[in-house]
Amino acid sequence: MPLPDLIKIVPLDQPVQAEITVPGSKSITNRALILAALGKGETTLQGALWSEDTQVMVECLQELGFMVNVEPDAQEACNRTITVYGKGGLVPPGGTEEQPLELFAGNAGTAARFLAALVCLGKGVYRLHGVPRMHERPQAALFKALRKLGYRIDSPNDKLPALIFGTGPRPAKCRVGIEESSQFASALLLCAEVGRWQVEVTGQSAEESPYVAMTAKLIKAFPEAGGVFQIEPDASSASYFWAAGFLLSFFDP
């Protein structure tokens with residue numbers, strides 16, 4: 001729904017005393033979904049963000065054959081409690097080159113890139129595609145790294161749609177830069193242990209490097225054998241309220 005041309009803002013006539021619940025982090029939620037799918041047993045993600053990107057990821061995991069249950073979050077309408085039943089590193093098989101397993105990533109860049117690495121660990125052919133805008137977004141660095149690891153990726157322009165030929169885990173090495181996007185490196189790192197890949201991440205970026213560090217820390221902290229994992233709130237969403245609280249502290253009597 002488009003915003004109106006004029007938005008009327010009425011100043012408050014007294015201080016506001018309220019508590020808020022900040023929605024979960026999209027970046028952590030989608031990473032956690034991949035790790036839970038690759039893990040063993042039942043993993044419950046609490047405080048998981050429910051957005052277009054995370055919904056696409058859940059739907060694609062379900063399409064692949066993972067059992068994923070989604071329940072409302074009583075504390076925050078934008079969050080969900082998501083339970084993923086991992087298969088201990090096994091990724092359900094795809095189709096054939098003539099009839100690949102279709103995975104629709106919408107316009108979710110994180111989901112598309114993480115899934116591209118994930119399905120390499122399966123057996124068979126997967127067709128990853130999205131909306132027209134998604135088909136314009138860069139994938140070349142990730143596809144190059146996956147090919148270096150020994151997987152076949154068919155894409156005439158190194159973008160989506162792409163046919164990905166999964167052949168399961170295979171010990172191999174690759175290198176990926178983060179100049180274009182940290183999501184390429186994160187996709188490989190999330191699947192590296194199961195895939196037996198050695199991934200070298202190159203480049204530095206004030207904007208992208210923290211996301212690679214987040215991925216590495218999440219991998220170490222994640223319960224491999226199932227359990228409960230709390231998704232951290234999105235700090236960027238909370239910053240407005242923290243700032244407001246700080247400014248209002250100057251006006252306290």
# chains A, B, ... in the order shown; residues from 1 in each chain; ligands from 1
call {"tool": "closest_atom_pairs", "arguments": {"of": "stretch 24-83 of chain A", "to": "stretch 178-188 of chain A", "cutoff": "10 Å", "atoms": "only C-alpha atoms", "output": "Markdown table"}}
result
| residue | atom | partner | partner_atom | distance |
| --- | --- | --- | --- | --- |
| A:Ser27 | CA | A:Gln183 | CA | 9.7 |
| A:Arg31 | CA | A:Ser186 | CA | 8.3 |
| A:Ile34 | CA | A:Ala187 | CA | 9.1 |
call {"tool": "write_last_selection", "arguments": {"atoms": "N, CA and C atoms", "output": "PDB file, in the first residue's frame"}}
result
ATOM      1  N   SER A  27      18.880 -11.977   9.080  1.00  0.00           N
ATOM      2  CA  SER A  27      20.153 -12.604   8.728  1.00  0.00           C
ATOM      3  C   SER A  27      20.405 -13.853   9.564  1.00  0.00           C
ATOM      4  N   ARG A  31      20.206 -18.058   8.338  1.00  0.00           N
ATOM      5  CA  ARG A  31      21.384 -18.889   8.590  1.00  0.00           C
ATOM      6  C   ARG A  31      21.031 -20.055   9.501  1.00  0.00           C
ATOM      7  N   ILE A  34      19.235 -22.972   7.721  1.00  0.00           N
ATOM      8  CA  ILE A  34      20.138 -23.862   6.989  1.00  0.00           C
ATOM      9  C   ILE A  34      20.860 -24.798   7.950  1.00  0.00           C
TER      10      ILE A  34
END
call {"tool": "select_by_dssp", "arguments": {"residues": "stretch 6-235 of chain A", "states": "helix (DSSP H, G or I)", "output": "tab-separated table (two decimals) with C-alpha atoms, in the first residue's frame"}}
result
chain	number	residue	atom	x	y	z
A	26	LYS	CA	16.46	-11.88	9.28
A	27	SER	CA	20.15	-12.60	8.73
A	28	ILE	CA	20.38	-14.91	11.74
A	29	THR	CA	17.02	-16.58	11.04
A	30	ASN	CA	17.95	-17.69	7.52
A	31	ARG	CA	21.38	-18.89	8.59
A	32	ALA	CA	19.84	-20.80	11.48
A	33	LEU	CA	17.32	-22.47	9.14
A	34	ILE	CA	20.14	-23.86	6.99
A	35	LEU	CA	22.11	-25.08	10.02
A	36	ALA	CA	19.01	-26.67	11.52
A	37	ALA	CA	18.23	-28.50	8.27
A	38	LEU	CA	21.80	-29.85	8.16
A	52	GLU	CA	9.43	-12.60	2.78
A	53	ASP	CA	13.02	-13.88	2.88
A	54	THR	CA	12.50	-16.28	5.79
A	55	GLN	CA	9.13	-17.49	4.50
A	56	VAL	CA	10.73	-18.29	1.14
A	57	MET	CA	13.48	-20.21	2.91
A	58	VAL	CA	10.97	-22.25	4.92
A	59	GLU	CA	8.88	-23.02	1.83
A	60	CYS	CA	11.96	-24.13	-0.14
A	61	LEU	CA	13.14	-26.39	2.69
A	62	GLN	CA	9.67	-27.93	2.79
A	63	GLU	CA	9.72	-28.34	-1.00
A	64	LEU	CA	13.05	-30.13	-0.66
A	109	GLY	CA	18.77	-12.98	-2.10
A	110	THR	CA	19.86	-14.69	1.11
A	111	ALA	CA	17.58	-17.65	0.52
A	112	ALA	CA	18.67	-18.06	-3.11
A	113	ARG	CA	22.38	-18.01	-2.32
A	114	PHE	CA	22.20	-20.22	0.75
A	115	LEU	CA	20.02	-22.74	-1.08
A	116	ALA	CA	22.41	-22.84	-4.05
A	117	ALA	CA	25.14	-24.17	-1.77
A	118	LEU	CA	22.80	-26.43	0.20
A	119	VAL	CA	21.42	-28.38	-2.77
A	134	MET	CA	16.01	-11.88	-8.62
A	135	HIS	CA	17.22	-13.03	-12.01
A	136	GLU	CA	19.16	-9.76	-12.35
A	140	ALA	CA	28.83	-15.36	-10.40
A	141	ALA	CA	31.24	-15.43	-7.45
A	142	LEU	CA	29.21	-18.13	-5.71
A	143	PHE	CA	28.73	-20.22	-8.84
A	144	LYS	CA	32.47	-19.97	-9.59
A	145	ALA	CA	33.32	-21.21	-6.09
A	146	LEU	CA	30.82	-24.09	-6.31
A	147	ARG	CA	32.27	-25.15	-9.66
A	148	LYS	CA	35.74	-25.03	-8.13
A	182	SER	CA	29.10	-11.46	1.99
A	183	GLN	CA	26.22	-13.85	1.24
A	184	PHE	CA	28.43	-15.84	-1.15
A	185	ALA	CA	30.95	-16.59	1.60
A	186	SER	CA	28.24	-17.23	4.19
A	187	ALA	CA	26.47	-19.71	1.89
A	188	LEU	CA	29.68	-21.74	1.51
A	189	LEU	CA	30.63	-21.55	5.20
A	190	LEU	CA	27.21	-22.74	6.37
A	191	CYS	CA	27.56	-25.93	4.30
A	192	ALA	CA	31.33	-26.39	4.58
A	193	GLU	CA	31.45	-28.87	7.47
A	194	VAL	CA	28.89	-31.23	5.97
A	195	GLY	CA	30.31	-30.76	2.47
A	209	SER	CA	32.86	-8.40	6.79
A	210	PRO	CA	30.67	-8.33	9.93
A	211	TYR	CA	28.16	-10.67	8.25
A	212	VAL	CA	30.89	-13.23	7.55
A	213	ALA	CA	32.02	-12.97	11.19
A	214	MET	CA	28.40	-13.42	12.28
A	215	THR	CA	28.14	-16.60	10.20
A	216	ALA	CA	31.32	-18.05	11.71
A	217	LYS	CA	30.16	-17.32	15.28
A	218	LEU	CA	26.71	-18.74	14.59
A	219	ILE	CA	28.17	-21.99	13.25
A	220	LYS	CA	30.19	-22.43	16.45
A	221	ALA	CA	27.26	-21.63	18.75
A	235	ALA	CA	19.64	-4.54	16.44
call {"tool": "atom_distance", "arguments": {"atom1": "atom CA of A:Asp234", "atom2": "atom CA of A:Val70"}}
result
19.6 Å
call {"tool": "residues_around", "arguments": {"residues": "A:Ala162", "least_positions_apart": "2", "cutoff": "10 Å", "atoms": "only C-alpha atoms", "output": "short mmCIF file (atom, residue, chain, number, x, y, z; two decimals) with all heavy atoms, in the first residue's frame"}}
result
data_model
loop_
_atom_site.label_atom_id
_atom_site.label_comp_id
_atom_site.auth_asym_id
_atom_site.auth_seq_id
_atom_site.Cartn_x
_atom_site.Cartn_y
_atom_site.Cartn_z
N ALA A 116 21.54 -22.40 -2.96
CA ALA A 116 22.41 -22.84 -4.05
C ALA A 116 23.53 -23.73 -3.52
O ALA A 116 23.87 -24.76 -4.12
CB ALA A 116 22.99 -21.64 -4.79
N TYR A 126 18.46 -29.64 -9.36
CA TYR A 126 17.57 -28.66 -8.76
C TYR A 126 17.57 -27.41 -9.64
O TYR A 126 18.63 -26.98 -10.10
CB TYR A 126 18.04 -28.28 -7.36
CG TYR A 126 18.31 -29.46 -6.45
CD1 TYR A 126 19.53 -30.15 -6.53
CD2 TYR A 126 17.37 -29.88 -5.53
CE1 TYR A 126 19.79 -31.22 -5.70
CE2 TYR A 126 17.62 -30.96 -4.68
CZ TYR A 126 18.84 -31.63 -4.78
OH TYR A 126 19.10 -32.69 -3.95
N ARG A 127 16.39 -26.86 -9.87
CA ARG A 127 16.30 -25.61 -10.64
C ARG A 127 15.93 -24.49 -9.68
O ARG A 127 14.83 -24.46 -9.13
CB ARG A 127 15.27 -25.71 -11.76
CG ARG A 127 15.18 -24.43 -12.62
CD ARG A 127 14.21 -24.61 -13.78
NE ARG A 127 14.15 -23.42 -14.62
CZ ARG A 127 13.27 -22.44 -14.45
NH1 ARG A 127 12.37 -22.50 -13.46
NH2 ARG A 127 13.28 -21.38 -15.24
N LEU A 128 16.86 -23.57 -9.50
CA LEU A 128 16.66 -22.46 -8.58
C LEU A 128 16.32 -21.21 -9.38
O LEU A 128 17.05 -20.83 -10.30
CB LEU A 128 17.95 -22.23 -7.78
CG LEU A 128 17.92 -21.25 -6.61
CD1 LEU A 128 16.86 -21.62 -5.59
CD2 LEU A 128 19.30 -21.18 -5.95
N HIS A 129 15.18 -20.60 -9.06
CA HIS A 129 14.74 -19.43 -9.81
C HIS A 129 13.96 -18.51 -8.89
O HIS A 129 13.70 -18.83 -7.73
CB HIS A 129 13.90 -19.84 -11.03
CG HIS A 129 12.63 -20.55 -10.66
ND1 HIS A 129 11.38 -19.99 -10.85
CD2 HIS A 129 12.40 -21.78 -10.12
CE1 HIS A 129 10.45 -20.84 -10.44
NE2 HIS A 129 11.03 -21.93 -9.99
N HIS A 135 16.41 -12.53 -10.91
CA HIS A 135 17.22 -13.03 -12.01
C HIS A 135 18.26 -12.02 -12.49
O HIS A 135 19.13 -12.36 -13.29
CB HIS A 135 16.31 -13.42 -13.19
CG HIS A 135 15.41 -14.58 -12.88
ND1 HIS A 135 14.42 -15.00 -13.73
CD2 HIS A 135 15.36 -15.41 -11.81
CE1 HIS A 135 13.79 -16.04 -13.20
NE2 HIS A 135 14.34 -16.29 -12.04
N GLN A 139 25.34 -13.62 -9.05
CA GLN A 139 25.58 -14.93 -8.45
C GLN A 139 26.94 -15.49 -8.87
O GLN A 139 27.34 -16.56 -8.40
CB GLN A 139 24.50 -15.94 -8.88
CG GLN A 139 23.07 -15.47 -8.77
CD GLN A 139 22.57 -15.37 -7.34
OE1 GLN A 139 23.21 -15.85 -6.41
NE2 GLN A 139 21.43 -14.71 -7.15
N PHE A 143 28.73 -19.13 -7.87
CA PHE A 143 28.73 -20.22 -8.84
C PHE A 143 30.17 -20.65 -9.19
O PHE A 143 30.46 -21.83 -9.34
CB PHE A 143 27.99 -19.80 -10.11
CG PHE A 143 26.49 -19.70 -9.93
CD1 PHE A 143 25.69 -19.19 -10.95
CD2 PHE A 143 25.87 -20.09 -8.75
CE1 PHE A 143 24.31 -19.09 -10.80
CE2 PHE A 143 24.48 -19.99 -8.59
CZ PHE A 143 23.71 -19.49 -9.62
N ILE A 153 27.07 -26.26 -12.33
CA ILE A 153 26.05 -25.22 -12.26
C ILE A 153 25.81 -24.74 -13.69
O ILE A 153 26.72 -24.18 -14.31
CB ILE A 153 26.48 -24.02 -11.39
CG1 ILE A 153 27.12 -24.49 -10.07
CG2 ILE A 153 25.31 -23.08 -11.16
CD1 ILE A 153 26.19 -25.11 -9.10
N ASP A 154 24.62 -24.94 -14.21
CA ASP A 154 24.29 -24.49 -15.57
C ASP A 154 23.53 -23.18 -15.50
O ASP A 154 22.38 -23.12 -15.01
CB ASP A 154 23.45 -25.55 -16.29
CG ASP A 154 24.28 -26.73 -16.76
OD1 ASP A 154 25.50 -26.74 -16.50
OD2 ASP A 154 23.70 -27.66 -17.37
N SER A 155 24.16 -22.12 -15.99
CA SER A 155 23.52 -20.81 -16.08
C SER A 155 24.23 -20.04 -17.17
O SER A 155 25.44 -19.82 -17.07
CB SER A 155 23.62 -20.06 -14.75
OG SER A 155 23.21 -18.71 -14.91
N PRO A 156 23.53 -19.63 -18.22
CA PRO A 156 24.20 -18.97 -19.34
C PRO A 156 24.85 -17.64 -18.98
O PRO A 156 25.81 -17.22 -19.62
CB PRO A 156 23.07 -18.79 -20.37
CG PRO A 156 21.81 -18.84 -19.58
CD PRO A 156 22.08 -19.77 -18.44
N ASN A 157 24.33 -16.96 -17.95
CA ASN A 157 24.88 -15.65 -17.59
C ASN A 157 25.33 -15.58 -16.13
O ASN A 157 25.54 -14.50 -15.60
CB ASN A 157 23.85 -14.55 -17.86
CG ASN A 157 22.55 -14.79 -17.10
OD1 ASN A 157 22.41 -15.77 -16.37
ND2 ASN A 157 21.60 -13.87 -17.25
N ASP A 158 25.49 -16.74 -15.49
CA ASP A 158 25.88 -16.83 -14.08
C ASP A 158 24.92 -16.07 -13.16
O ASP A 158 25.31 -15.48 -12.16
CB ASP A 158 27.31 -16.32 -13.87
CG ASP A 158 28.33 -17.43 -14.10
OD1 ASP A 158 27.93 -18.62 -14.13
OD2 ASP A 158 29.52 -17.13 -14.27
N LYS A 159 23.64 -16.12 -13.53
CA LYS A 159 22.58 -15.58 -12.68
C LYS A 159 21.46 -16.62 -12.65
O LYS A 159 21.55 -17.66 -13.30
CB LYS A 159 22.08 -14.23 -13.23
CG LYS A 159 23.13 -13.13 -13.20
CD LYS A 159 22.58 -11.82 -13.76
CE LYS A 159 23.66 -10.74 -13.73
NZ LYS A 159 23.18 -9.45 -14.30
N LEU A 160 20.45 -16.35 -11.88
CA LEU A 160 19.27 -17.23 -11.90
C LEU A 160 18.42 -16.93 -13.12
O LEU A 160 18.46 -15.80 -13.62
CB LEU A 160 18.45 -17.03 -10.63
CG LEU A 160 19.13 -17.37 -9.31
CD1 LEU A 160 18.11 -17.27 -8.16
CD2 LEU A 160 19.79 -18.72 -9.31
N ILE A 164 21.29 -26.71 -10.85
CA ILE A 164 22.37 -27.09 -9.95
C ILE A 164 22.35 -28.60 -9.81
O ILE A 164 21.33 -29.20 -9.45
CB ILE A 164 22.20 -26.41 -8.58
CG1 ILE A 164 22.20 -24.89 -8.76
CG2 ILE A 164 23.30 -26.84 -7.62
CD1 ILE A 164 21.91 -24.11 -7.49
N PHE A 165 23.49 -29.22 -10.11
CA PHE A 165 23.60 -30.67 -10.11
C PHE A 165 24.27 -31.10 -8.80
O PHE A 165 25.48 -30.97 -8.63
CB PHE A 165 24.41 -31.15 -11.31
CG PHE A 165 23.74 -30.92 -12.64
CD1 PHE A 165 23.62 -29.64 -13.17
CD2 PHE A 165 23.19 -31.98 -13.35
CE1 PHE A 165 23.00 -29.42 -14.39
CE2 PHE A 165 22.55 -31.77 -14.57
CZ PHE A 165 22.45 -30.49 -15.09
#
call {"tool": "atom_distance", "arguments": {"atom1": "atom CA of A:Arg80", "atom2": "atom CA of A:Glu208"}}
result
26.8 Å
call {"tool": "residues_around", "arguments": {"residues": "A:Leu45", "least_positions_apart": "4", "cutoff": "7 Å", "atoms": "only C-alpha atoms", "output": "list in words"}}
result
Thr81, Ile82, Thr83, Val228, Phe229, Gln230 and Ile231 of chain A
call {"tool": "select_by_dssp", "arguments": {"residues": "stretch 93-161 of chain A", "states": "strand (DSSP E)", "output": "list of chain:residue names"}}
result
A:Leu101, A:Glu102, A:Leu103, A:Phe104, A:Lys123, A:Gly124, A:Val125, A:Tyr126, A:Arg127, A:Leu128, A:His129, A:Arg152, A:Ile153, A:Asp154
call {"tool": "write_last_selection", "arguments": {"atoms": "N, CA, C and O atoms", "output": "PDB file, in the first residue's frame"}}
result
ATOM      1  N   LEU A 101      13.987 -30.604  -9.695  1.00  0.00           N
ATOM      2  CA  LEU A 101      13.173 -30.166  -8.573  1.00  0.00           C
ATOM      3  C   LEU A 101      13.184 -28.639  -8.549  1.00  0.00           C
ATOM      4  O   LEU A 101      14.241 -28.016  -8.470  1.00  0.00           O
ATOM      5  N   GLU A 102      11.994 -28.033  -8.655  1.00  0.00           N
ATOM      6  CA  GLU A 102      11.881 -26.578  -8.741  1.00  0.00           C
ATOM      7  C   GLU A 102      11.898 -25.941  -7.352  1.00  0.00           C
ATOM      8  O   GLU A 102      11.156 -26.346  -6.456  1.00  0.00           O
ATOM      9  N   LEU A 103      12.747 -24.932  -7.183  1.00  0.00           N
ATOM     10  CA  LEU A 103      12.808 -24.160  -5.944  1.00  0.00           C
ATOM     11  C   LEU A 103      12.655 -22.683  -6.292  1.00  0.00           C
ATOM     12  O   LEU A 103      13.498 -22.124  -7.000  1.00  0.00           O
ATOM     13  N   PHE A 104      11.585 -22.077  -5.804  1.00  0.00           N
ATOM     14  CA  PHE A 104      11.288 -20.671  -6.115  1.00  0.00           C
ATOM     15  C   PHE A 104      11.749 -19.787  -4.968  1.00  0.00           C
ATOM     16  O   PHE A 104      11.247 -19.890  -3.845  1.00  0.00           O
ATOM     17  N   LYS A 123      21.567 -35.106  -4.033  1.00  0.00           N
ATOM     18  CA  LYS A 123      21.841 -35.885  -5.250  1.00  0.00           C
ATOM     19  C   LYS A 123      20.715 -35.616  -6.241  1.00  0.00           C
ATOM     20  O   LYS A 123      19.541 -35.727  -5.902  1.00  0.00           O
ATOM     21  N   GLY A 124      21.085 -35.235  -7.460  1.00  0.00           N
ATOM     22  CA  GLY A 124      20.082 -34.936  -8.465  1.00  0.00           C
ATOM     23  C   GLY A 124      20.157 -33.496  -8.913  1.00  0.00           C
ATOM     24  O   GLY A 124      21.106 -32.759  -8.589  1.00  0.00           O
ATOM     25  N   VAL A 125      19.144 -33.079  -9.653  1.00  0.00           N
ATOM     26  CA  VAL A 125      19.161 -31.757 -10.288  1.00  0.00           C
ATOM     27  C   VAL A 125      18.072 -30.876  -9.673  1.00  0.00           C
ATOM     28  O   VAL A 125      16.931 -31.301  -9.511  1.00  0.00           O
ATOM     29  N   TYR A 126      18.459 -29.644  -9.363  1.00  0.00           N
ATOM     30  CA  TYR A 126      17.566 -28.658  -8.757  1.00  0.00           C
ATOM     31  C   TYR A 126      17.566 -27.415  -9.643  1.00  0.00           C
ATOM     32  O   TYR A 126      18.632 -26.976 -10.096  1.00  0.00           O
ATOM     33  N   ARG A 127      16.389 -26.859  -9.873  1.00  0.00           N
ATOM     34  CA  ARG A 127      16.301 -25.611 -10.643  1.00  0.00           C
ATOM     35  C   ARG A 127      15.928 -24.491  -9.682  1.00  0.00           C
ATOM     36  O   ARG A 127      14.832 -24.458  -9.127  1.00  0.00           O
ATOM     37  N   LEU A 128      16.858 -23.571  -9.496  1.00  0.00           N
ATOM     38  CA  LEU A 128      16.663 -22.458  -8.576  1.00  0.00           C
ATOM     39  C   LEU A 128      16.316 -21.214  -9.383  1.00  0.00           C
ATOM     40  O   LEU A 128      17.048 -20.827 -10.305  1.00  0.00           O
ATOM     41  N   HIS A 129      15.181 -20.601  -9.063  1.00  0.00           N
ATOM     42  CA  HIS A 129      14.742 -19.426  -9.815  1.00  0.00           C
ATOM     43  C   HIS A 129      13.958 -18.513  -8.893  1.00  0.00           C
ATOM     44  O   HIS A 129      13.697 -18.833  -7.728  1.00  0.00           O
ATOM     45  N   ARG A 152      28.445 -29.013 -10.786  1.00  0.00           N
ATOM     46  CA  ARG A 152      28.021 -28.465 -12.074  1.00  0.00           C
ATOM     47  C   ARG A 152      26.873 -27.484 -11.858  1.00  0.00           C
ATOM     48  O   ARG A 152      25.852 -27.826 -11.266  1.00  0.00           O
ATOM     49  N   ILE A 153      27.073 -26.262 -12.326  1.00  0.00           N
ATOM     50  CA  ILE A 153      26.047 -25.221 -12.264  1.00  0.00           C
ATOM     51  C   ILE A 153      25.812 -24.736 -13.687  1.00  0.00           C
ATOM     52  O   ILE A 153      26.718 -24.178 -14.308  1.00  0.00           O
ATOM     53  N   ASP A 154      24.621 -24.940 -14.213  1.00  0.00           N
ATOM     54  CA  ASP A 154      24.291 -24.492 -15.565  1.00  0.00           C
ATOM     55  C   ASP A 154      23.526 -23.183 -15.503  1.00  0.00           C
ATOM     56  O   ASP A 154      22.384 -23.124 -15.007  1.00  0.00           O
TER      57      ASP A 154
END
call {"tool": "residues_around", "arguments": {"residues": "A:Val201", "least_positions_apart": "6", "cutoff": "6 Å", "atoms": "only C-alpha atoms", "output": "VMD selection string"}}
result
chain A and resid 175 to 177
call {"tool": "closest_residue", "arguments": {"among": "A:Pro72, A:Gly150, A:Gly166, A:Gly130", "to": "A:Gly95", "atoms": "only C-alpha atoms"}}
result
A:Gly166
call {"tool": "atom_distance", "arguments": {"atom1": "atom CA of A:Glu42", "atom2": "atom CA of A:Val91"}}
result
15.4 Å
